[in-house]
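Below you'll find the structure, written out as structure tokens, and then a few comments.
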Amino acid sequence: MSITENPTTSRTTDTTEAHGMDRRTFLTRTTLGVGGALVMGIELAGADIADAAGATGGSMGVYVTIGADESVTLTCPGAEMGQGISTAMPMIIAEELMVDWSKVTMVLAGAGDAYCRPTSKTAVGTSQSSGGSNSIRGYHDYLRHLGAKIRLQMLTAATTYNSASYALADLKVVNGVVRRVSDDAAVATYGELASTAAGITIADTDTNIVWVAASNYSIIGTRKQRLDIPAKVNGSAVFGLDVRLPGMKYAAVKLAPKIGQTVGSVGTPPAGVTVVELTDDLGAKVGIAAVHPRSSWDAMRAVQSTPVTWVDAPYTAQMDTAALKTRFTNLLSADFPTMVASGQAYVDTAKNYGDADAALANTGIAGTLHTATYSAPYVNHVTMEPMNATAVVNVDGLGTAVSCEIWAPSQTQVSATSPGARDVAMGILGLTKDKVTMHTTFLGGGFGRRLKNDYTRFAVLVANHPAVRGTPVKVMWSREEDFTHDFHRPAAMVRFDAKVGTDNKIAAFKARVVGGRTNNKAVTALSSSAVDGISTALYGFTNKLVQWVDDQAQVPVASWRSVGNSQNCFFLESFMDELAASKGIDPIDFRISHIDGSTTNGARAIAVLNRVRTESGWNTAPAAGRARGVALSMSFGDTVCAQVAEVSGTATTGFKVWKVTVVIDPFSIINPTIVEQQIESAVIQGLGTAMYNAQILSQGAVTRRNFDTYRMMKMRDTPVEIRTIVIESDQAKKGGIGEPGLPPIAPAVANALAKLNGTRLRDMPLATATVAPPPPPTTSKPTISKLEPTSGPRNTVVTVKGTNLGATGTTVKLGTMACTIKEKSATQLTFWVPMTAVIGTSYKVSVTNTAGTATSTQSFRVTSR
Amino acid sequence: MADITKTITVNGVSHTVTCDSTTPLLWVLRDIIGLTGTKFGCGIEECYACTVLLNGSAEKSCDEDMAEIPNGSVITTIEGLSADSSHKVQQAWVAEQVPQCGWCQSGAIMRATKLLQSTPNPTDAQIDAELANICACGTYPRMRAAIHRAAGMA
């Protein structure tokens, strides 16, 4: 690496900071956010917080530090991957502390037992992991209790503040200031009380620990701006790939190009490059990493130019989309008892009512039989920040690893079973947990992908190489590696058989799900995630049977946002519309007629459906050429969500989603803005994935490895309007938010398209693969970034680089001379220098289209020959 | 494949950097100069996460090899948009609460900034055409609202 400051500059750059902060500077780096809130990018160790609080402040346990300057530092125990918990969790604590929100600073917790998901309001479990839309509902009671208890510590400290004597009952807190109830006089501020309060012990059973009543909330339920956003609009937020440490080296990975392959042999790397073999948690050699001291780019080039041969697994070639589709299809009709006997198939006994097989076969039950088969492909998580992690392994004089420090954008910091980042390092290095320090960075997307820690594992393996030990190393993946070594949302198929009786009720319902399990372990029982969304649906059928058949594929799979619900809600809610249509019944009425309104959740679902009917204008005619479709789901802590999508067009020639009306009942919420963000996100990600996405496997090879072939939803594809209505049906309960908005969008759109076009779409992706992205709707003004070459004789072909260069009717001039265009695209245009150009003259180049003209900053100089 | 040395001005500060000639500007900014606000998303000019202003034009820095970048080029990254997040696009992004995970936002903000320079009051169609950035979180409706908000700010 080489960099020098030029003496001509008028500004001085602190090269230490620019090149890599020292460790402590890094850990305590803060960013001044809009509105004066300090946003911490990286977690502080407890001792550092105490330092920061000053000698007279106080640390009130691992979650709360009150500064002598009235600053309030609150810890987020979970992973911030966009879902907003680094704001919502501090809001819960701050409500009970009764502090001034503008004084609140957030820090992200690293791995720590104390941050594990609570098992009650006073005890924590053994997993620190952010998934299953479980952060708010999992931590809410614990954080409320903790906040209320610290408030009582403050009040107790105030009873004797400055040698006075106040009755506890005569004290209250207003915005971090303890006041007397009787005359409202200020007694002391939190900053003044903190050091004393920190030494006061309050029993968890103390009856003076009283939660703020919902009617008195001043923070919960309000639209506080997200604490992480200021740092995310000025480039200062530190994600995993942004970690920079003194002396840090860079590494890039090369992993097997086909599923199941392992390293055969490794050739000679470029000079000065260290190559490290990478193993998975079962010891299989899955790839290599190349370490370079200068940059990520140098590391990526080094790993690319290191030859590796690969050895197929016995199943590699069979991991093929076409072959697997045949396998899945055969399993839909294979003999069930035989598969049960071999341990491949299971019945969801908890949701098995009556005798569906008999009812379907029994001609004595009047009704019409309906059968339909649906499918969903493997899809990718596609976090916008590719996988990466940074680690340093410190050794003693004998070369033995004595400690390890990790910086990882991980959804799982601590877990022995689904190994957390900390546990992965402990296992590789044989270290106890006190010797491993793990820092959680911001996550550039999670969606379930980062529940895994394979990238953390690779970072520790590289950092533990003898040539690297003692030096931090950042191990990054290219986008191609990120796609190729994803743990996919599983492919799945379902065959539905149902009989609708003369009373227009579903008399018998049978679903056989093939695939859909979310791990690659040996199957010994029903995979509940494979049938979630079908088994768990609120509809009551007299005779109901859900079968599950393991596909026995070795494609790596894992949870993907909303897990089984993401495909099963599409399957079931599409089929419900098919059944409703077969009887000519309104789809909302048909759904409600199968829900038991005497149960709490049934009543909530009916209320949600009735509300979405009203809010979407369901009973009014849509604009010409449009239709509406509805879908319902209940998932992740019994959050009920119904959506109505208003759509025009077809899936094959192009379509548009004009409006999505979302009604959601998650019992109660913390921050309406964050809830709306999550609903918009779920609708857009769910729609894009259902419409466009499939990972295509070809004899073991993952074929769609970047965004040129894996089409992502863009702004122009986004629904014109997404409207969110939240019903809070029970302030005492919390449901999930991050995922429940996703499942209904695909069937709502599919149901609208079926109504509009008369064609039922039963296979995702719904848009056929041959559909090209729609062209930009209008021409934009051209821009010019570069001319190549910048001199030459007449008739030279000059390349103009820039944007919006490809529109029909585009013209080019050299000076004032019109030129002939050779070729043009959106980003590049070539033309011939006219024979009339004057030798020795420099000309600017201008490009004009219907939206305007761009003129080059560079000139083209005409030379003799 | 050989090292080259170039002098470029980034956010008003001149830097002389030595790197492999094939190194894209993105990695010079992130790893050699140390400005990590510009993000890596795809490496093939598809996602726009790496957008910076290069000599006044919004460019994807993942495909701008240093060998091709003229000496003396002037670059503005997200860190250089303003010293204190006071740029109107940044303010609008906060007001509309746009970011979720945040990874793609630098690129979107830089592209929106360029759009508003050339088209002070863009229509939805113009925004759709220009903001081709990929955001997996789906913050698009808020991005659009923020651009309209910024267009209305002085």
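All residue names refer to the structure tokens as shown: chains lettered A, B, ... in order, residues numbered from 1 in each chain, ligands numbered from 1 in order.
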Distance query A:Ser616 at most 9 Å, only C-alpha atoms, self and fewer than 2 positions along chain excluded, as a PyMOL selection string = chain A and resi 611-614+618-620+628+643-646+659-662
Non-local contacts of B:Gly56 (8 Å; only C-alpha atoms; under 5 positions in same chain excluded) as a list in words |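 Listed by chain and then number, they are Ser785 of chain A; Val74 and Ile75 of chain B.
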Polymer residues at most 10 Å from stretch 564-569 of chain A, only C-alpha atoms, same-chain spacing of 2 or more positions, as a PyMOL selection string = chain A and resi 374-377+489-494+513+516-518+527-537+559-562+571-575+631-636+686+689-690+739-748+764
Using only N, CA and C atoms, please write the residues we just selected to a file, as a short mmCIF file (atom, residue, chain, number, x, y, z; two decimals), in the first residue's frame.
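Below you can see selection28.cif, which holds the result:
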data_model
loop_
_atom_site.label_atom_id
_atom_site.label_comp_id
_atom_site.auth_asym_id
_atom_site.auth_seq_id
_atom_site.Cartn_x
_atom_site.Cartn_y
_atom_site.Cartn_z
N TYR A 374 -48.75 -27.20 -7.17
CA TYR A 374 -48.01 -25.93 -7.17
C TYR A 374 -46.53 -26.21 -6.94
N SER A 375 -45.68 -25.25 -7.36
CA SER A 375 -44.25 -25.43 -7.12
C SER A 375 -43.56 -24.10 -6.82
N ALA A 376 -42.45 -24.23 -6.10
CA ALA A 376 -41.59 -23.07 -5.80
C ALA A 376 -40.14 -23.50 -6.02
N PRO A 377 -39.32 -22.65 -6.63
CA PRO A 377 -37.93 -23.02 -6.94
C PRO A 377 -36.99 -22.70 -5.77
N ARG A 489 -33.37 -20.82 -0.12
CA ARG A 489 -34.74 -21.16 0.27
C ARG A 489 -35.05 -22.44 -0.47
N PRO A 490 -35.55 -23.45 0.25
CA PRO A 490 -35.72 -24.75 -0.39
C PRO A 490 -36.76 -24.72 -1.49
N ALA A 491 -36.54 -25.55 -2.49
CA ALA A 491 -37.58 -25.79 -3.48
C ALA A 491 -38.67 -26.64 -2.82
N ALA A 492 -39.88 -26.51 -3.31
CA ALA A 492 -40.99 -27.29 -2.75
C ALA A 492 -42.08 -27.45 -3.79
N MET A 493 -42.83 -28.54 -3.66
CA MET A 493 -44.04 -28.73 -4.46
C MET A 493 -45.14 -29.18 -3.52
N VAL A 494 -46.37 -28.98 -3.94
CA VAL A 494 -47.50 -29.46 -3.16
C VAL A 494 -48.58 -29.95 -4.11
N VAL A 513 -46.95 -32.09 0.78
CA VAL A 513 -45.83 -31.19 0.53
C VAL A 513 -44.59 -32.04 0.28
N GLY A 516 -38.92 -28.49 0.99
CA GLY A 516 -39.21 -27.40 1.91
C GLY A 516 -38.50 -27.45 3.25
N ARG A 517 -37.71 -28.49 3.50
CA ARG A 517 -37.01 -28.47 4.80
C ARG A 517 -35.89 -27.46 4.75
N THR A 518 -35.52 -26.91 5.90
CA THR A 518 -34.61 -25.77 5.94
C THR A 518 -33.26 -26.12 6.57
N SER A 527 -40.68 -32.01 9.27
CA SER A 527 -40.10 -30.67 9.24
C SER A 527 -41.24 -29.67 9.35
N SER A 528 -41.37 -29.04 10.51
CA SER A 528 -42.50 -28.12 10.68
C SER A 528 -42.36 -26.93 9.74
N SER A 529 -41.12 -26.50 9.47
CA SER A 529 -40.98 -25.34 8.58
C SER A 529 -41.42 -25.68 7.16
N ALA A 530 -41.36 -26.97 6.78
CA ALA A 530 -41.78 -27.35 5.43
C ALA A 530 -43.29 -27.23 5.26
N VAL A 531 -44.04 -27.33 6.34
CA VAL A 531 -45.51 -27.29 6.23
C VAL A 531 -46.11 -26.04 6.86
N ASP A 532 -45.26 -25.16 7.44
CA ASP A 532 -45.76 -23.90 8.00
C ASP A 532 -46.51 -23.14 6.91
N GLY A 533 -47.63 -22.57 7.30
CA GLY A 533 -48.40 -21.83 6.32
C GLY A 533 -49.51 -22.67 5.71
N ILE A 534 -49.35 -24.00 5.76
CA ILE A 534 -50.45 -24.89 5.35
C ILE A 534 -51.05 -25.52 6.62
N SER A 535 -50.16 -26.19 7.39
CA SER A 535 -50.63 -26.77 8.65
C SER A 535 -51.17 -25.70 9.59
N THR A 536 -50.50 -24.54 9.60
CA THR A 536 -50.81 -23.53 10.60
C THR A 536 -51.93 -22.58 10.17
N ALA A 537 -52.47 -22.76 8.98
CA ALA A 537 -53.52 -21.86 8.51
C ALA A 537 -54.73 -21.90 9.45
N SER A 559 -33.24 -21.18 6.29
CA SER A 559 -34.40 -20.30 6.41
C SER A 559 -34.22 -19.07 5.53
N TRP A 560 -35.28 -18.67 4.90
CA TRP A 560 -35.33 -17.47 4.06
C TRP A 560 -36.53 -16.69 4.56
N ARG A 561 -36.43 -15.39 4.62
CA ARG A 561 -37.46 -14.53 5.20
C ARG A 561 -38.88 -15.09 5.09
N SER A 562 -39.43 -15.42 6.20
CA SER A 562 -40.77 -16.01 6.43
C SER A 562 -40.80 -17.53 6.22
N PHE A 571 -49.02 -21.22 -2.11
CA PHE A 571 -49.73 -22.43 -2.51
C PHE A 571 -51.17 -22.42 -1.99
N LEU A 572 -51.30 -22.30 -0.67
CA LEU A 572 -52.62 -22.47 -0.05
C LEU A 572 -53.59 -21.34 -0.43
N GLU A 573 -53.08 -20.11 -0.38
CA GLU A 573 -54.00 -18.98 -0.64
C GLU A 573 -54.39 -18.89 -2.11
N SER A 574 -53.53 -19.39 -2.99
CA SER A 574 -53.95 -19.50 -4.40
C SER A 574 -55.03 -20.55 -4.54
N PHE A 575 -54.82 -21.69 -3.87
CA PHE A 575 -55.78 -22.80 -3.97
C PHE A 575 -57.12 -22.41 -3.35
N ALA A 631 -55.15 -12.18 -0.08
CA ALA A 631 -54.55 -13.34 0.59
C ALA A 631 -54.41 -13.04 2.07
N LEU A 632 -54.37 -14.13 2.86
CA LEU A 632 -54.31 -14.04 4.32
C LEU A 632 -53.21 -14.94 4.82
N SER A 633 -52.52 -14.51 5.87
CA SER A 633 -51.62 -15.46 6.54
C SER A 633 -51.51 -15.12 8.02
N MET A 634 -51.07 -16.11 8.78
CA MET A 634 -50.78 -15.88 10.19
C MET A 634 -49.43 -16.55 10.46
N SER A 635 -48.49 -15.78 10.98
CA SER A 635 -47.15 -16.33 11.15
C SER A 635 -46.39 -15.57 12.22
N PHE A 636 -45.33 -16.18 12.73
CA PHE A 636 -44.36 -15.53 13.61
C PHE A 636 -45.01 -14.81 14.79
N GLY A 686 -41.00 -9.85 -1.33
CA GLY A 686 -41.86 -11.01 -1.61
C GLY A 686 -42.35 -11.00 -3.04
N THR A 689 -39.31 -11.66 -5.54
CA THR A 689 -38.89 -13.06 -5.51
C THR A 689 -39.92 -13.95 -6.19
N ALA A 690 -41.20 -13.72 -5.90
CA ALA A 690 -42.25 -14.55 -6.50
C ALA A 690 -42.32 -14.35 -8.01
N GLU A 739 -41.17 -10.50 9.21
CA GLU A 739 -41.51 -11.49 8.19
C GLU A 739 -42.99 -11.58 7.81
N PRO A 740 -43.94 -11.38 8.74
CA PRO A 740 -45.34 -11.68 8.41
C PRO A 740 -45.93 -10.88 7.26
N GLY A 741 -45.29 -9.79 6.85
CA GLY A 741 -45.80 -9.03 5.71
C GLY A 741 -45.46 -9.66 4.37
N LEU A 742 -44.57 -10.65 4.38
CA LEU A 742 -44.10 -11.20 3.10
C LEU A 742 -45.02 -12.24 2.46
N PRO A 743 -45.50 -13.23 3.22
CA PRO A 743 -46.22 -14.34 2.56
C PRO A 743 -47.42 -13.94 1.71
N PRO A 744 -48.27 -12.98 2.11
CA PRO A 744 -49.51 -12.79 1.33
C PRO A 744 -49.32 -12.14 -0.03
N ILE A 745 -48.22 -11.46 -0.29
CA ILE A 745 -48.17 -10.67 -1.53
C ILE A 745 -48.19 -11.56 -2.78
N ALA A 746 -47.46 -12.66 -2.76
CA ALA A 746 -47.41 -13.49 -3.97
C ALA A 746 -48.79 -14.04 -4.34
N PRO A 747 -49.52 -14.65 -3.40
CA PRO A 747 -50.85 -15.13 -3.77
C PRO A 747 -51.83 -13.99 -4.06
N ALA A 748 -51.69 -12.85 -3.39
CA ALA A 748 -52.62 -11.74 -3.69
C ALA A 748 -52.47 -11.31 -5.13
N MET A 764 -43.95 -20.78 -9.23
CA MET A 764 -43.08 -19.62 -9.09
C MET A 764 -41.74 -19.94 -9.77
#
So which residues touch B:Ser118 within 12 Å, counting only C-alpha atoms, skipping near sequence neighbours fewer than 6 positions away, as a list in words?
->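 Residues meeting the cut-off are Ser780, Lys781, Pro782, Thr783, Ala851, Gly852, Thr853 and Ala854 of chain A; Gly56, Ser57, Ala58, Arg111, Ala112, Gln126, Ile127, Glu130 and Ala151 of chain B.
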Chain B: residues DSSP assigns to strand (DSSP E or B), reported as a list of chain:residue names =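 Output for chain B, strand (DSSP E or B) only: B:Asp3, B:Ile4, B:Thr5, B:Lys6, B:Thr7, B:Ile8, B:Thr9, B:Val10, B:Val13, B:Ser14, B:His15, B:Thr16, B:Val17, B:Thr18, B:Cys19, B:Asp20, B:Pro24, B:Thr51, B:Val52, B:Leu53, B:Leu54, B:Ser57, B:Ala58, B:Glu59, B:Lys60, B:Asp65, B:Val74, B:Ile75, B:Thr76.
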Quick one: write out the picked residues with N, CA and C atoms as a PDB file, in the first residue's frame?
ATOM      1  N   ASP B   3       2.038  -2.348 -11.230  1.00  0.00           N
ATOM      2  CA  ASP B   3       1.596  -1.230 -10.401  1.00  0.00           C
ATOM      3  C   ASP B   3       1.656   0.084 -11.180  1.00  0.00           C
ATOM      4  N   ILE B   4       0.719   0.955 -10.870  1.00  0.00           N
ATOM      5  CA  ILE B   4       0.753   2.300 -11.417  1.00  0.00           C
ATOM      6  C   ILE B   4       0.569   3.284 -10.268  1.00  0.00           C
ATOM      7  N   THR B   5       0.934   4.517 -10.513  1.00  0.00           N
ATOM      8  CA  THR B   5       0.749   5.567  -9.520  1.00  0.00           C
ATOM      9  C   THR B   5      -0.078   6.671 -10.152  1.00  0.00           C
ATOM     10  N   LYS B   6      -1.126   7.075  -9.450  1.00  0.00           N
ATOM     11  CA  LYS B   6      -2.000   8.132  -9.963  1.00  0.00           C
ATOM     12  C   LYS B   6      -2.284   9.125  -8.856  1.00  0.00           C
ATOM     13  N   THR B   7      -2.558  10.352  -9.261  1.00  0.00           N
ATOM     14  CA  THR B   7      -2.967  11.376  -8.311  1.00  0.00           C
ATOM     15  C   THR B   7      -4.405  11.769  -8.611  1.00  0.00           C
ATOM     16  N   ILE B   8      -5.253  11.610  -7.613  1.00  0.00           N
ATOM     17  CA  ILE B   8      -6.664  11.948  -7.775  1.00  0.00           C
ATOM     18  C   ILE B   8      -7.106  12.789  -6.581  1.00  0.00           C
ATOM     19  N   THR B   9      -8.128  13.575  -6.788  1.00  0.00           N
ATOM     20  CA  THR B   9      -8.653  14.403  -5.700  1.00  0.00           C
ATOM     21  C   THR B   9      -9.983  13.807  -5.249  1.00  0.00           C
ATOM     22  N   VAL B  10     -10.039  13.401  -3.991  1.00  0.00           N
ATOM     23  CA  VAL B  10     -11.241  12.782  -3.448  1.00  0.00           C
ATOM     24  C   VAL B  10     -11.799  13.661  -2.339  1.00  0.00           C
ATOM     25  N   VAL B  13      -9.529  16.434  -1.265  1.00  0.00           N
ATOM     26  CA  VAL B  13      -8.180  16.120  -0.791  1.00  0.00           C
ATOM     27  C   VAL B  13      -7.442  15.355  -1.886  1.00  0.00           C
ATOM     28  N   SER B  14      -6.238  15.791  -2.176  1.00  0.00           N
ATOM     29  CA  SER B  14      -5.450  15.136  -3.216  1.00  0.00           C
ATOM     30  C   SER B  14      -4.740  13.918  -2.638  1.00  0.00           C
ATOM     31  N   HIS B  15      -4.805  12.810  -3.360  1.00  0.00           N
ATOM     32  CA  HIS B  15      -4.145  11.575  -2.931  1.00  0.00           C
ATOM     33  C   HIS B  15      -3.317  11.032  -4.080  1.00  0.00           C
ATOM     34  N   THR B  16      -2.098  10.639  -3.787  1.00  0.00           N
ATOM     35  CA  THR B  16      -1.302   9.916  -4.771  1.00  0.00           C
ATOM     36  C   THR B  16      -1.267   8.458  -4.337  1.00  0.00           C
ATOM     37  N   VAL B  17      -1.799   7.607  -5.188  1.00  0.00           N
ATOM     38  CA  VAL B  17      -1.958   6.204  -4.796  1.00  0.00           C
ATOM     39  C   VAL B  17      -1.198   5.299  -5.753  1.00  0.00           C
ATOM     40  N   THR B  18      -0.670   4.229  -5.212  1.00  0.00           N
ATOM     41  CA  THR B  18      -0.022   3.203  -6.026  1.00  0.00           C
ATOM     42  C   THR B  18      -0.815   1.915  -5.861  1.00  0.00           C
ATOM     43  N   CYS B  19      -1.162   1.313  -6.973  1.00  0.00           N
ATOM     44  CA  CYS B  19      -1.970   0.099  -6.928  1.00  0.00           C
ATOM     45  C   CYS B  19      -1.753  -0.674  -8.212  1.00  0.00           C
ATOM     46  N   ASP B  20      -2.248  -1.887  -8.252  1.00  0.00           N
ATOM     47  CA  ASP B  20      -2.238  -2.642  -9.500  1.00  0.00           C
ATOM     48  C   ASP B  20      -3.061  -1.863 -10.531  1.00  0.00           C
ATOM     49  N   PRO B  24     -10.016  -1.429  -9.682  1.00  0.00           N
ATOM     50  CA  PRO B  24     -11.100  -0.458  -9.856  1.00  0.00           C
ATOM     51  C   PRO B  24     -11.028   0.650  -8.803  1.00  0.00           C
ATOM     52  N   THR B  51     -21.709   3.722  -6.657  1.00  0.00           N
ATOM     53  CA  THR B  51     -21.767   4.974  -7.417  1.00  0.00           C
ATOM     54  C   THR B  51     -21.050   6.115  -6.692  1.00  0.00           C
ATOM     55  N   VAL B  52     -20.193   6.810  -7.451  1.00  0.00           N
ATOM     56  CA  VAL B  52     -19.540   8.035  -6.972  1.00  0.00           C
ATOM     57  C   VAL B  52     -19.678   9.081  -8.077  1.00  0.00           C
ATOM     58  N   LEU B  53     -19.347  10.313  -7.750  1.00  0.00           N
ATOM     59  CA  LEU B  53     -19.282  11.342  -8.790  1.00  0.00           C
ATOM     60  C   LEU B  53     -17.834  11.414  -9.257  1.00  0.00           C
ATOM     61  N   LEU B  54     -17.612  11.113 -10.532  1.00  0.00           N
ATOM     62  CA  LEU B  54     -16.271  11.112 -11.114  1.00  0.00           C
ATOM     63  C   LEU B  54     -16.254  12.192 -12.187  1.00  0.00           C
ATOM     64  N   SER B  57     -19.669  13.253 -13.173  1.00  0.00           N
ATOM     65  CA  SER B  57     -20.628  12.286 -13.702  1.00  0.00           C
ATOM     66  C   SER B  57     -20.833  11.172 -12.679  1.00  0.00           C
ATOM     67  N   ALA B  58     -22.068  10.686 -12.559  1.00  0.00           N
ATOM     68  CA  ALA B  58     -22.339   9.575 -11.630  1.00  0.00           C
ATOM     69  C   ALA B  58     -21.837   8.286 -12.266  1.00  0.00           C
ATOM     70  N   GLU B  59     -20.817   7.696 -11.677  1.00  0.00           N
ATOM     71  CA  GLU B  59     -20.182   6.512 -12.266  1.00  0.00           C
ATOM     72  C   GLU B  59     -20.154   5.363 -11.273  1.00  0.00           C
ATOM     73  N   LYS B  60     -20.182   4.148 -11.818  1.00  0.00           N
ATOM     74  CA  LYS B  60     -20.063   2.960 -10.985  1.00  0.00           C
ATOM     75  C   LYS B  60     -18.574   2.653 -10.804  1.00  0.00           C
ATOM     76  N   ASP B  65     -11.350   1.150 -13.927  1.00  0.00           N
ATOM     77  CA  ASP B  65      -9.969   0.771 -13.611  1.00  0.00           C
ATOM     78  C   ASP B  65      -9.101   2.013 -13.437  1.00  0.00           C
ATOM     79  N   VAL B  74     -11.358  14.291 -10.382  1.00  0.00           N
ATOM     80  CA  VAL B  74     -12.001  14.808  -9.168  1.00  0.00           C
ATOM     81  C   VAL B  74     -13.171  13.900  -8.819  1.00  0.00           C
ATOM     82  N   ILE B  75     -13.156  13.376  -7.599  1.00  0.00           N
ATOM     83  CA  ILE B  75     -14.131  12.379  -7.175  1.00  0.00           C
ATOM     84  C   ILE B  75     -14.843  12.861  -5.918  1.00  0.00           C
ATOM     85  N   THR B  76     -16.140  12.690  -5.896  1.00  0.00           N
ATOM     86  CA  THR B  76     -16.907  12.943  -4.677  1.00  0.00           C
ATOM     87  C   THR B  76     -17.569  11.638  -4.257  1.00  0.00           C
TER      88      THR B  76
END
Between A:Asp335, A:Asp551, A:Asp503, A:Asp717, which one has atoms that come closest to B:Ala132, using only C-alpha atoms?
->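 Smallest distance to B:Ala132 is found for A:Asp717.
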Which is closer to chain B than all the others in A:Leu814, A:Ala508, A:Ala322, A:Ala237, using only C-alpha atoms?
->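 Nearest to chain B: A:Ala237.
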Residue contacts of stretch 554-557 of chain A (10 Å, only C-alpha atoms) excluding same-chain residues fewer than 3 positions away, as a list of chain:residue names | A:Ile259, A:Gly260, A:Tyr315, A:Thr316, A:Gln318, A:Met319, A:Asp320, A:Tyr378, A:Val379, A:Asn380, A:Arg449, A:His485, A:Asp486, A:Phe487, A:His488, A:Arg489, A:Pro490, A:Ala491, A:Gly516, A:Arg517, A:Thr518, A:Asn519, A:Asn520, A:Lys521, A:Asp551, A:Trp560, A:Leu697, A:Gly700
Select, from A:Pro270, A:Pro230, A:Gly264, A:Pro466, the residue with the minimum atom-to-atom distance to B:Asp84, counting only C-alpha atoms.
->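 Among A:Pro270, A:Pro230, A:Gly264, A:Pro466, it is A:Pro230 that comes nearest to B:Asp84.
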Residue among B:Asp63, B:Asp128, B:Glu96, B:Glu45 lying closest to chain A, counting only C-alpha atoms |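 Closest candidate: B:Asp128.
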Quick one: pull the distance between atom CA of A:His140 and atom CA of B:Ala95, Å, one decimal.
->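 That distance, rounded to one decimal, is 27.3 Å.
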Which polymer residues have any atom within 10 Å of an atom of A:Met300, counting only C-alpha atoms, with same-chain residues fewer than 5 positions away left out, as a list in words?
->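 The residues that qualify are Tyr250, Ala251, Ala252, Val253, Lys254, Ala289, Ala290, Val291, His292, Ser295, Ser305, Met476, Trp477 and Ser478 of chain A.
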Nearest candidate to chain A (options B:Gly152, B:Pro122, B:Pro70, B:Pro99; using only C-alpha atoms) =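 For chain A, the nearest of the given residues is B:Pro99.
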Nearest to chain B: which of A:Val726, A:Ala553, A:Val238, A:Val311 is it, counting only C-alpha atoms?
->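 Between A:Val726, A:Ala553, A:Val238, A:Val311, the residue approaching chain B most closely is A:Val238.
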What are the DSSP helix (DSSP H, G or I) residues of stretch 686-807 of chain A, as a list in words?
->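 Answer for stretch 686-807 of chain A, restricted to helix (DSSP H, G or I): Gly686, Leu687, Gly688, Thr689, Ala690, Met691, Tyr692, Met715, Arg716, Asp717, Ile745, Ala746, Pro747, Ala748, Val749, Ala750, Asn751, Ala752, Leu753, Ala754, Lys755, Leu756 and Asn757 of chain A.
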Just give me the gap between atom CA of B:His148 and atom CA of B:Lys88 in Å, one decimal is fine.
-> 11.1 Å
Mind pulling up the distance from atom CA of A:Lys499 to atom CA of A:Arg512?
->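 Atom CA of A:Lys499 lies at a distance of 15.2 Å from atom CA of A:Arg512.
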